Every structure is written in structure tokens, then in C-alpha cells.
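*Asks:* My structure is stored as data.cif, with mmCIF, C-alpha atoms and all ligand atoms.
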```cif
data_query
loop_
_atom_site.label_atom_id
_atom_site.label_comp_id
_atom_site.auth_asym_id
_atom_site.auth_seq_id
_atom_site.Cartn_x
_atom_site.Cartn_y
_atom_site.Cartn_z
CA MET A 192 7.15 8.25 20.73
CA THR A 193 7.47 10.24 23.95
CA LEU A 194 4.22 11.40 25.49
CA ALA A 195 4.28 15.08 26.44
CA PRO A 196 3.57 16.24 30.04
CA SER A 197 0.23 17.71 28.88
CA GLU A 198 -0.90 14.31 27.48
CA LEU A 199 0.36 11.76 30.01
CA ILE A 200 -0.07 13.69 33.24
CA LEU A 201 1.75 12.43 36.33
CA ASN A 202 1.44 13.89 39.82
CA GLU A 203 4.48 15.04 41.80
CA ASP A 204 4.78 11.58 43.39
CA GLY A 205 4.81 9.95 39.93
CA SER A 206 1.23 8.66 40.13
CA ILE A 207 -1.29 8.94 37.29
CA TYR A 208 -3.25 12.21 37.35
CA HIS A 209 -6.85 11.44 38.44
CA LEU A 210 -6.62 7.93 39.89
CA HIS A 211 -3.54 8.80 41.95
CA LEU A 212 -2.07 5.33 41.40
CA LEU A 213 1.38 3.94 40.62
CA PRO A 214 1.73 0.87 38.37
CA GLU A 215 2.47 -1.43 41.34
CA HIS A 216 -0.80 -0.44 43.04
CA ILE A 217 -3.15 -2.33 40.71
CA ALA A 218 -3.90 -6.00 40.08
CA GLU A 219 -4.51 -7.47 36.63
CA THR A 220 -8.14 -8.15 37.53
CA ILE A 221 -10.05 -4.99 38.36
CA ILE A 222 -13.58 -4.62 39.72
CA THR A 223 -15.23 -1.28 38.98
CA VAL A 224 -18.16 0.05 40.97
CA GLY A 225 -19.94 3.39 40.56
CA ASP A 226 -20.32 4.36 44.20
CA PRO A 227 -17.08 5.01 46.19
CA ASP A 228 -18.80 3.52 49.28
CA ARG A 229 -19.27 0.24 47.36
CA VAL A 230 -15.48 -0.28 47.23
CA GLU A 231 -15.45 -1.37 50.86
CA THR A 232 -18.67 -3.33 50.43
CA VAL A 233 -16.55 -5.47 48.11
CA THR A 234 -13.20 -5.44 49.94
CA LYS A 235 -14.70 -6.26 53.35
CA HIS A 236 -14.80 -9.82 51.92
CA PHE A 237 -11.04 -9.79 51.11
CA ASP A 238 -8.51 -11.81 53.12
CA THR A 239 -6.05 -8.89 53.04
CA ILE A 240 -5.94 -5.29 51.80
CA GLU A 241 -2.48 -4.11 50.75
CA PHE A 242 -3.26 -0.62 49.41
CA SER A 243 -5.97 2.09 49.59
CA THR A 244 -6.22 5.57 48.15
CA GLN A 245 -8.86 8.06 47.02
CA LYS A 246 -8.82 11.13 44.81
CA ARG A 247 -12.14 12.79 43.96
CA GLU A 248 -14.69 10.01 43.24
CA PHE A 249 -11.95 7.51 42.33
CA LYS A 250 -11.36 5.31 45.36
CA THR A 251 -9.09 2.27 44.94
CA GLN A 252 -8.29 -0.68 47.17
CA THR A 253 -6.07 -3.62 46.22
CA GLY A 254 -5.93 -6.86 48.14
CA SER A 255 -6.51 -10.53 47.91
CA TYR A 256 -9.66 -12.67 47.80
CA LYS A 257 -9.25 -16.46 48.10
CA GLY A 258 -5.63 -16.03 47.03
CA LYS A 259 -6.37 -13.89 43.94
CA ARG A 260 -4.97 -10.35 43.81
CA LEU A 261 -7.77 -7.92 42.93
CA SER A 262 -8.22 -4.17 42.75
CA VAL A 263 -11.57 -2.46 43.31
CA ILE A 264 -12.00 1.06 41.96
CA SER A 265 -14.96 3.43 41.99
CA THR A 266 -15.71 5.23 38.75
CA GLY A 267 -18.37 7.65 39.96
CA ILE A 268 -21.28 8.13 37.59
CA GLY A 269 -21.19 8.24 33.79
CA THR A 270 -19.10 7.39 30.75
CA ASP A 271 -17.20 10.70 31.01
CA ASN A 272 -15.59 9.23 34.14
CA ILE A 273 -15.11 5.90 32.34
CA ASP A 274 -12.94 7.72 29.80
CA ILE A 275 -10.63 8.75 32.66
CA VAL A 276 -10.65 5.41 34.49
CA LEU A 277 -10.06 3.19 31.44
CA ASN A 278 -7.36 5.38 29.90
CA GLU A 279 -5.50 5.77 33.21
CA LEU A 280 -5.76 2.05 34.12
CA ASP A 281 -4.37 1.21 30.68
CA ALA A 282 -1.57 3.75 31.07
CA LEU A 283 -0.63 2.15 34.42
CA VAL A 284 0.07 -1.18 32.74
CA ASN A 285 0.94 -0.30 29.14
CA ILE A 286 2.93 2.95 29.33
CA ASP A 287 6.41 3.23 30.83
CA PHE A 288 6.19 6.26 33.15
CA GLU A 289 10.00 6.69 33.18
CA THR A 290 10.45 6.93 29.41
CA ARG A 291 6.87 8.18 28.76
CA SER A 292 6.59 5.68 25.92
CA ILE A 293 4.17 2.87 25.09
CA LYS A 294 5.53 -0.54 26.14
CA LYS A 295 6.32 -3.17 23.49
CA ASP A 296 4.56 -5.98 25.32
CA LEU A 297 1.03 -4.93 26.14
CA LYS A 298 -0.91 -6.31 29.13
CA THR A 299 -4.56 -7.31 29.08
CA LEU A 300 -6.60 -6.47 32.17
CA ASN A 301 -9.83 -8.17 33.26
CA ILE A 302 -12.29 -5.36 34.02
CA ILE A 303 -15.51 -6.38 35.75
CA ARG A 304 -18.19 -3.84 36.61
CA LEU A 305 -20.40 -4.58 39.63
CA GLY A 306 -23.10 -1.95 39.19
CA THR A 307 -26.78 -1.18 39.58
CA SER A 308 -29.35 -0.74 36.85
CA GLY A 309 -33.04 -0.50 35.92
CA SER A 310 -34.80 -3.19 33.89
CA ILE A 311 -37.04 -2.21 30.98
CA GLN A 312 -38.54 -5.69 30.45
CA GLN A 313 -41.58 -6.93 32.45
CA ASP A 314 -39.97 -10.32 33.08
CA ILE A 315 -36.65 -9.08 34.52
CA PRO A 316 -37.65 -8.34 38.11
CA VAL A 317 -36.12 -6.07 40.73
CA ASP A 318 -33.62 -7.89 42.97
CA SER A 319 -32.28 -9.97 40.08
CA VAL A 320 -28.76 -9.88 38.64
CA LEU A 321 -28.04 -9.36 34.94
CA ILE A 322 -24.85 -9.75 32.92
CA SER A 323 -24.51 -7.73 29.73
CA LYS A 324 -23.74 -9.61 26.54
CA LYS A 325 -23.67 -6.37 24.55
CA ALA A 326 -23.94 -2.67 25.24
CA LEU A 327 -25.79 -0.04 23.25
CA GLY A 328 -24.22 3.34 23.98
CA PHE A 329 -26.36 6.46 23.77
CA ASP A 330 -23.43 8.44 25.18
CA ALA A 331 -21.06 9.83 22.55
CA LEU A 332 -17.81 8.64 24.13
CA LEU A 333 -16.74 6.10 21.53
CA HIS A 334 -17.29 8.53 18.65
CA PHE A 335 -14.21 10.47 19.78
CA TYR A 336 -11.99 7.42 19.13
CA GLU A 337 -11.20 5.51 15.94
CA ASN A 338 -13.65 2.66 16.42
CA GLU A 339 -15.02 1.43 13.10
CA SER A 340 -13.89 -2.21 13.22
CA HIS A 341 -15.48 -2.95 16.59
CA ARG A 342 -19.05 -1.79 16.11
CA ASP A 343 -22.14 -3.69 15.03
CA ARG A 344 -23.41 -1.20 12.46
CA ALA A 345 -26.31 -3.39 11.30
CA PHE A 346 -27.63 -3.57 14.88
CA GLU A 347 -27.20 0.18 15.34
CA ASN A 348 -29.01 1.03 12.11
CA ALA A 349 -31.90 -1.33 12.87
CA PHE A 350 -32.27 0.27 16.31
CA VAL A 351 -32.19 3.86 14.96
CA LYS A 352 -34.95 2.97 12.52
CA HIS A 353 -37.10 1.10 15.05
CA ALA A 354 -36.80 3.81 17.72
CA ASN A 355 -37.16 6.70 15.29
CA TRP A 356 -34.01 8.00 17.03
CA SER A 357 -33.67 11.80 16.81
CA LEU A 358 -30.69 12.95 14.72
CA GLU A 359 -30.05 15.59 17.39
CA LYS A 360 -28.87 12.81 19.70
CA SER A 361 -25.61 10.91 19.41
CA LYS A 362 -25.66 7.87 17.09
CA PRO A 363 -26.06 4.76 19.31
CA TYR A 364 -23.06 2.42 19.19
CA CYS A 365 -23.25 -1.32 19.76
CA ILE A 366 -20.30 -3.16 21.34
CA LEU A 367 -19.83 -6.74 22.57
CA ALA A 368 -18.72 -7.84 26.03
CA ASN A 369 -15.70 -10.11 26.20
CA GLN A 370 -17.44 -13.38 25.33
CA ASP A 371 -15.03 -15.57 27.38
CA LEU A 372 -15.84 -13.55 30.49
CA PHE A 373 -19.54 -13.61 29.61
CA ASN A 374 -19.48 -17.41 29.37
CA HIS A 375 -17.50 -17.70 32.61
CA PHE A 376 -20.20 -15.81 34.56
CA LYS A 377 -23.31 -17.04 32.74
CA GLU A 378 -25.57 -19.34 34.76
CA ASP A 379 -29.24 -20.29 34.95
CA ASN A 380 -30.39 -17.97 37.74
CA ILE A 381 -28.56 -14.95 36.30
CA TYR A 382 -30.29 -12.90 33.58
CA SER A 383 -28.41 -11.75 30.51
CA GLY A 384 -29.15 -9.23 27.82
CA ILE A 385 -28.27 -6.02 26.03
CA THR A 386 -27.58 -3.08 28.31
CA ALA A 387 -28.35 0.44 27.13
CA THR A 388 -26.08 3.10 28.59
CA ASN A 389 -27.16 6.72 28.65
CA ILE A 390 -25.75 10.05 29.79
CA GLY A 391 -28.25 10.76 32.56
CA PHE A 392 -30.56 9.15 35.09
CA TYR A 393 -33.75 11.17 34.48
CA GLY A 394 -34.66 12.36 30.96
CA PRO A 395 -32.02 10.14 29.29
CA GLN A 396 -33.57 7.08 30.99
CA GLY A 397 -37.12 8.25 30.19
CA ARG A 398 -37.90 9.51 33.73
CA LYS A 399 -40.24 12.47 34.02
CA LEU A 400 -40.36 14.49 37.23
CA ARG A 401 -41.07 18.12 36.24
CA LEU A 402 -39.56 18.20 32.74
CA ASN A 403 -41.12 16.69 29.64
CA THR A 404 -38.82 14.34 27.71
CA GLN A 405 -38.13 14.69 23.98
CA ASP A 406 -39.66 11.25 23.29
CA PRO A 407 -42.15 10.01 25.92
CA GLN A 408 -42.26 6.67 24.06
CA MET A 409 -38.48 6.08 24.28
CA ASN A 410 -38.52 3.29 26.88
CA LYS A 411 -41.42 1.56 25.07
CA ARG A 412 -39.40 1.64 21.87
CA LEU A 413 -36.35 0.23 23.67
CA GLU A 414 -38.48 -2.50 25.21
CA SER A 415 -40.04 -3.58 21.91
CA PHE A 416 -36.80 -3.61 19.88
CA SER A 417 -35.55 -7.07 18.95
CA TYR A 418 -32.60 -7.99 16.75
CA SER A 419 -31.62 -11.58 15.89
CA GLY A 420 -33.80 -12.74 18.79
CA GLU A 421 -32.09 -10.45 21.34
CA SER A 422 -33.68 -7.60 23.29
CA ILE A 423 -32.53 -4.54 25.19
CA THR A 424 -32.95 -5.46 28.85
CA ASN A 425 -31.78 -2.64 31.09
CA LEU A 426 -30.59 0.96 31.42
CA GLU A 427 -27.60 2.34 33.32
CA MET A 428 -24.74 4.78 32.80
CA GLU A 429 -21.30 3.13 32.31
CA THR A 430 -21.33 -0.22 30.47
CA SER A 431 -20.99 0.98 26.84
CA GLY A 432 -17.95 3.10 27.70
CA ILE A 433 -16.31 0.23 29.58
CA TYR A 434 -16.96 -2.22 26.73
CA GLY A 435 -15.94 0.22 24.00
CA LEU A 436 -12.68 1.43 25.52
CA SER A 437 -11.76 -2.07 26.73
CA LEU A 438 -12.13 -3.43 23.20
CA LEU A 439 -10.11 -0.58 21.69
CA LEU A 440 -7.35 -0.91 24.32
CA GLY A 441 -7.22 -4.72 24.25
CA HIS A 442 -8.70 -5.44 27.70
CA ARG A 443 -11.42 -7.96 28.62
CA ALA A 444 -14.58 -6.47 30.13
CA LEU A 445 -17.86 -7.67 31.57
CA SER A 446 -20.65 -5.67 33.23
CA ILE A 447 -22.77 -7.26 35.95
CA ASN A 448 -25.65 -5.27 37.42
CA ALA A 449 -28.07 -5.65 40.31
CA ILE A 450 -31.50 -4.72 38.99
CA LEU A 451 -32.92 -2.13 41.40
CA ALA A 452 -35.78 -0.72 39.30
CA ASN A 453 -38.30 -2.23 36.92
CA ARG A 454 -39.31 0.68 34.73
CA THR A 455 -42.15 -1.15 32.97
CA LYS A 456 -43.79 -2.20 36.24
CA GLU A 457 -42.80 1.09 37.94
CA THR A 458 -41.25 -0.73 40.91
CA PHE A 459 -38.04 -0.22 42.90
CA SER A 460 -36.25 -2.67 45.21
CA SER A 461 -37.27 -2.44 48.87
CA GLN A 462 -33.81 -3.71 49.89
CA PRO A 463 -31.26 -2.44 47.36
CA SER A 464 -28.23 -3.02 49.58
CA LYS A 465 -29.14 -6.69 50.03
CA ILE A 466 -29.23 -7.49 46.31
CA VAL A 467 -26.00 -5.53 45.75
CA GLU A 468 -24.35 -7.52 48.56
CA ASP A 469 -25.67 -10.83 47.14
CA MET A 470 -24.32 -9.92 43.69
CA ILE A 471 -20.90 -9.06 45.15
CA VAL A 472 -20.63 -12.35 47.09
CA TRP A 473 -21.64 -14.37 44.00
CA ALA A 474 -19.37 -12.44 41.62
CA LEU A 475 -16.30 -12.57 43.90
CA ASP A 476 -16.36 -16.36 43.92
CA ARG A 477 -16.52 -16.40 40.11
CA ILE A 478 -13.78 -13.78 39.84
CA ALA A 479 -11.51 -15.83 42.12
CA LEU A 480 -11.67 -18.63 39.52
CA LEU A 481 -10.48 -16.46 36.60
O1 LIG A 501 -24.56 1.90 41.03
P1 LIG A 501 -23.64 2.34 39.91
O2 LIG A 501 -22.53 1.40 39.67
O3 LIG A 501 -23.16 3.77 40.11
O4 LIG A 501 -24.53 2.34 38.57
C1 LIG A 501 -25.75 3.01 38.35
O5 LIG A 501 -26.13 3.90 39.38
C2 LIG A 501 -25.86 5.26 39.01
C3 LIG A 501 -27.18 6.04 38.97
O6 LIG A 501 -27.85 5.95 40.17
C4 LIG A 501 -25.20 5.19 37.65
O7 LIG A 501 -23.79 5.19 37.79
C5 LIG A 501 -25.72 3.87 37.12
O8 LIG A 501 -24.98 3.29 36.08
O1 LIG A 502 -33.01 2.82 36.93
C1 LIG A 502 -31.82 2.82 37.25
C2 LIG A 502 -31.37 2.20 38.44
C3 LIG A 502 -30.03 2.25 38.74
N1 LIG A 502 -29.19 2.90 37.89
C4 LIG A 502 -29.61 3.49 36.75
O2 LIG A 502 -28.82 4.09 36.02
N2 LIG A 502 -30.92 3.42 36.46
#
```
Let me see the structure of the file written as C-alpha cells.

*Replies:*
Amino acid sequence: MTLAPSELILNEDGSIYHLHLLPEHIAETIITVGDPDRVETVTKHFDTIEFSTQKREFKTQTGSYKGKRLSVISTGIGTDNIDIVLNELDALVNIDFETRSIKKDLKTLNIIRLGTSGSIQQDIPVDSVLISKKALGFDALLHFYENESHRDRAFENAFVKHANWSLEKSKPYCILANQDLFNHFKEDNIYSGITATNIGFYGPQGRKLRLNTQDPQMNKRLESFSYSGESITNLEMETSGIYGLSLLLGHRALSINAILANRTKETFSSQPSKIVEDMIVWALDRIALL
């Protein structure tokens, strides 16, 4: 099947539409960060940088860390951007841009998010690091793809019942991290849990400045939900989309987040850049061993 110019969009220089990348520009292990400024916070640790570009919020640098070729790419905020980043990264490795056809032999990328997040559990403090074993998506992204075989419907239904989830919101979807990557990064001083991803930072994460939220008890209900001994630990805005699209496309994904806020204790890190830097240094050494 040939993909039409309106579906697979290439720029005049042959690069993919939003990311502005050619296939040779990316490594097989990719670190995603939300903030474009965080790309260099990661790559300043690299031995060499071979390539840099930026279009809109999507900044990419590829180089080498301890001999391993890595790309770092910023996604901006939200799962709407994750739809663009994951589909275009996959196209770069699994679609032949000359023939506009899907390759026979598909590649699997390692996709590791180094993000920031807010904890909703008392005992997960600010300035800790958490890896996400599962994601619960309150965004609707995955519902636009054929996804049935990858979701944990029993978990989703138990959550909807427990939280008295409004039918006017999207049905939450539950997706697993790549368990090999999860085990590779898991260690005693790193927290792990279920990350809830939502479509906003304020109302959708239960924050009230001037506007009332639809359910003032939402975060309490998230905090008290437990399923097979596991709890929802933190809130952010990308992990469910990364896990969902990675599973559907055949890539391996893990989300690692620096905890900047504790929503239950109403605290925020006094040194957010330090914990982000510490997380990056720790994660890079683990990534180099993949
Ligand atoms: O720091 P990043 O990776 O952007 O992640 C978190 O920070 C942003 C909100 O401040 C959202 O993107 C959220 O997921
Ligand atoms: O509370 C927080 C902190 C960082 N990022 C989020 O999305 N939420």
C-alpha cells in the first residue's frame, strides 16, 4: 500500500512533517522529555552530539553517551503531541519514505520518558523519582485507535466504579509499561506505581485556582483506589499516550518521572531542577546498559 501525500507528510527536504527528521537522524533508543530546554540538560552529559534540530516544540539531539547512540526529543505538553511524536518516530524507522510503503521488517525502538509529575500519595515525597508500571489514561487518545487487545478492562471498570467517573469524560484506559524495561530500571530507592495521565494541569489534575472542578473529590478517589494491591501514585500528562501507542506500534516504553509536587501534602519541590538533574544522571547510566 502506498501512503498518500496527505497521510504521510514529508517536508521539501524529505524530512517527516512535524519532527523535521530524516530516518538517519534518530537512534534506536530515544529519550523523550516534555520541556524543549530539558533536551540539553540531558545531552550536556553526552560524549558527542552528531545532530540537532528544532521545529515548534519538538527539539531533537542525537549523540552518544558512554558509547551508546541516543536521541533526545522534546514532546511539549500533552498526549495530543504524543500522537505526533510516536507516529512520526515510528514512520522514521518503519516506513520507506522513497516508496511510501510500510517496511516488511519492523524495528522496535526503546522509548524512555524523563518527565516531571505530582504525587497523590502521602508517602511518595517531592524530590523522589518514580517509574510507571502501568498508566491510566484519562485522555481520549487511545480510543481513536483499534486497541482492544492491549487494555486491562477489569482494572478500568473497577476504577470507573470506585471513582464514580462521570460518563461525560472519556473512559479511562489502562496500559502496561514494557515490563523488561521496567525491571531494568527498578531499584530500591526508586518508587514505582500506576501513573494517571490527564489532559490538563489544573482542573484535570484536581487543581482549583478560580474555577470549581466537576468533582472536588477526584484526587481523593484516585488516592484511595486499589486494585490487586496496586495504587495510583502520580499525575502527569504524557505517559498513557506513550505506553498506548508504543504497545500498538510494537515499541518498548518506560516513563520515569521526578516528583515535583505532593498533592496530598500540598507541597512543591524547593529545588526542581536538582531532582530533574539527579534523575537524568541516574537514568542515563541505566540507559547506557540497555
Ligand atoms: O516536565 P514534563 O516532561 O513536561 O511533564 C510534566 O510537566 C508538564 C506540566 O507542567 C506536563 O507535560 C507534565 O506531564
Ligand atoms: O503536579 C504536577 C507536577 C508536574 N507535572 C504535572 O503534570 N503535574

*Asks:* Which polymer residues have any atom within 10 Å of an atom of Cys365 of chain A, counting all atoms listed in the file, with same-chain residues fewer than 6 positions away left out, as a PyMOL selection string?

*Replies:* chain A and resi 325-329+341-348+350+385-387+431+434-435

*Asks:* How many Å separate atom CA of Met470 of chain A from atom CA of Arg304 of chain A?

*Replies:*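 So the two atoms, atom CA of Met470 of chain A and atom CA of Arg304 of chain A, lie 11.2 Å apart.
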
*Asks:* Hey, which residues sit close to ligand LIG 502 (chain A)? Say within 6 Å, counting only C-alpha atoms and all ligand atoms, and write them as a list in words.

*Replies:*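 Final answer, ordered by chain and number: Thr307, Ser308, Gly309, Phe392, Leu426, Glu427, Met428, Leu451 and Ala452 of chain A.
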
*Asks:* Taking all atoms listed in the file into account, list the residues no farther than 10 Å from ligand LIG 501 (chain A), as a PyMOL selection string.

*Replies:* chain A and resi 223-227+229+265-270+272+304-309+387-393+426-430+446-451+467

*Asks:* Can you measure atom CA of Arg401 of chain A to atom CA of Pro316 of chain A for me? One decimal in Å is fine.

*Replies:* 26.7 Å

*Asks:* As a PyMOL selection string, please: the residues near segment 214-218 of chain A (cut-off 12 Å, all atoms listed in the file, same-chain neighbours under 4 positions excluded).

*Replies:* chain A and resi 201+205-207+210+222+240-244+251-256+259-264+279-289+298-302

*Asks:* Can you work out the spacing between atom CA of Lys246 of chain A and atom CA of His442 of chain A in Å, to one decimal?

*Replies:*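 One can read the atom CA of Lys246 of chain A to atom CA of His442 of chain A distance as 23.8 Å.
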
*Asks:* Between A:Glu421, A:Asn380, A:Ser415, A:Asp330, which residue has the minimum interatomic distance to Pro395 of chain A, considering all atoms listed in the file?

*Replies:* A:Asp330

*Asks:* Taking all atoms listed in the file into account, name the residue in A:Ile478, A:Leu321, A:Leu438, A:Met409 that is nearest to Tyr336 of chain A.

*Replies:*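 Going through A:Ile478, A:Leu321, A:Leu438, A:Met409 one by one, the smallest distance to Tyr336 of chain A is for A:Leu438.
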
*Asks:* Every residue with an atom at most 6 Å from (-31.7, -11.0, 35.6) (file coordinates; all atoms listed in the file) is what I'm after, so could you write them as JSON, numbers by chain?

*Replies:* {"A": [315, 319, 320, 321, 381, 382]}

*Asks:* Show which residues sit within 12 Å of Asp406 of chain A, as JSON, numbers by chain. Count all atoms listed in the file, and ignore same-chain residues fewer than 4 positions away.

*Replies:* {"A": [354, 355, 356, 357, 360, 394, 395, 396, 397, 398, 399, 402, 410, 411, 412, 413]}

*Asks:* For Leu445 of chain A, which of A:Gly258, A:Gly384, A:Pro463, A:Pro196 is the closest residue, counting all atoms listed in the file?

*Replies:* A:Gly384

*Asks:* Could you check which of A:Lys250, A:His334, A:Lys324, A:Arg454 is closest to Ile366 of chain A, using all atoms listed in the file?

*Replies:*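 Using all atoms listed in the file, Ile366 of chain A sits closest to A:Lys324.
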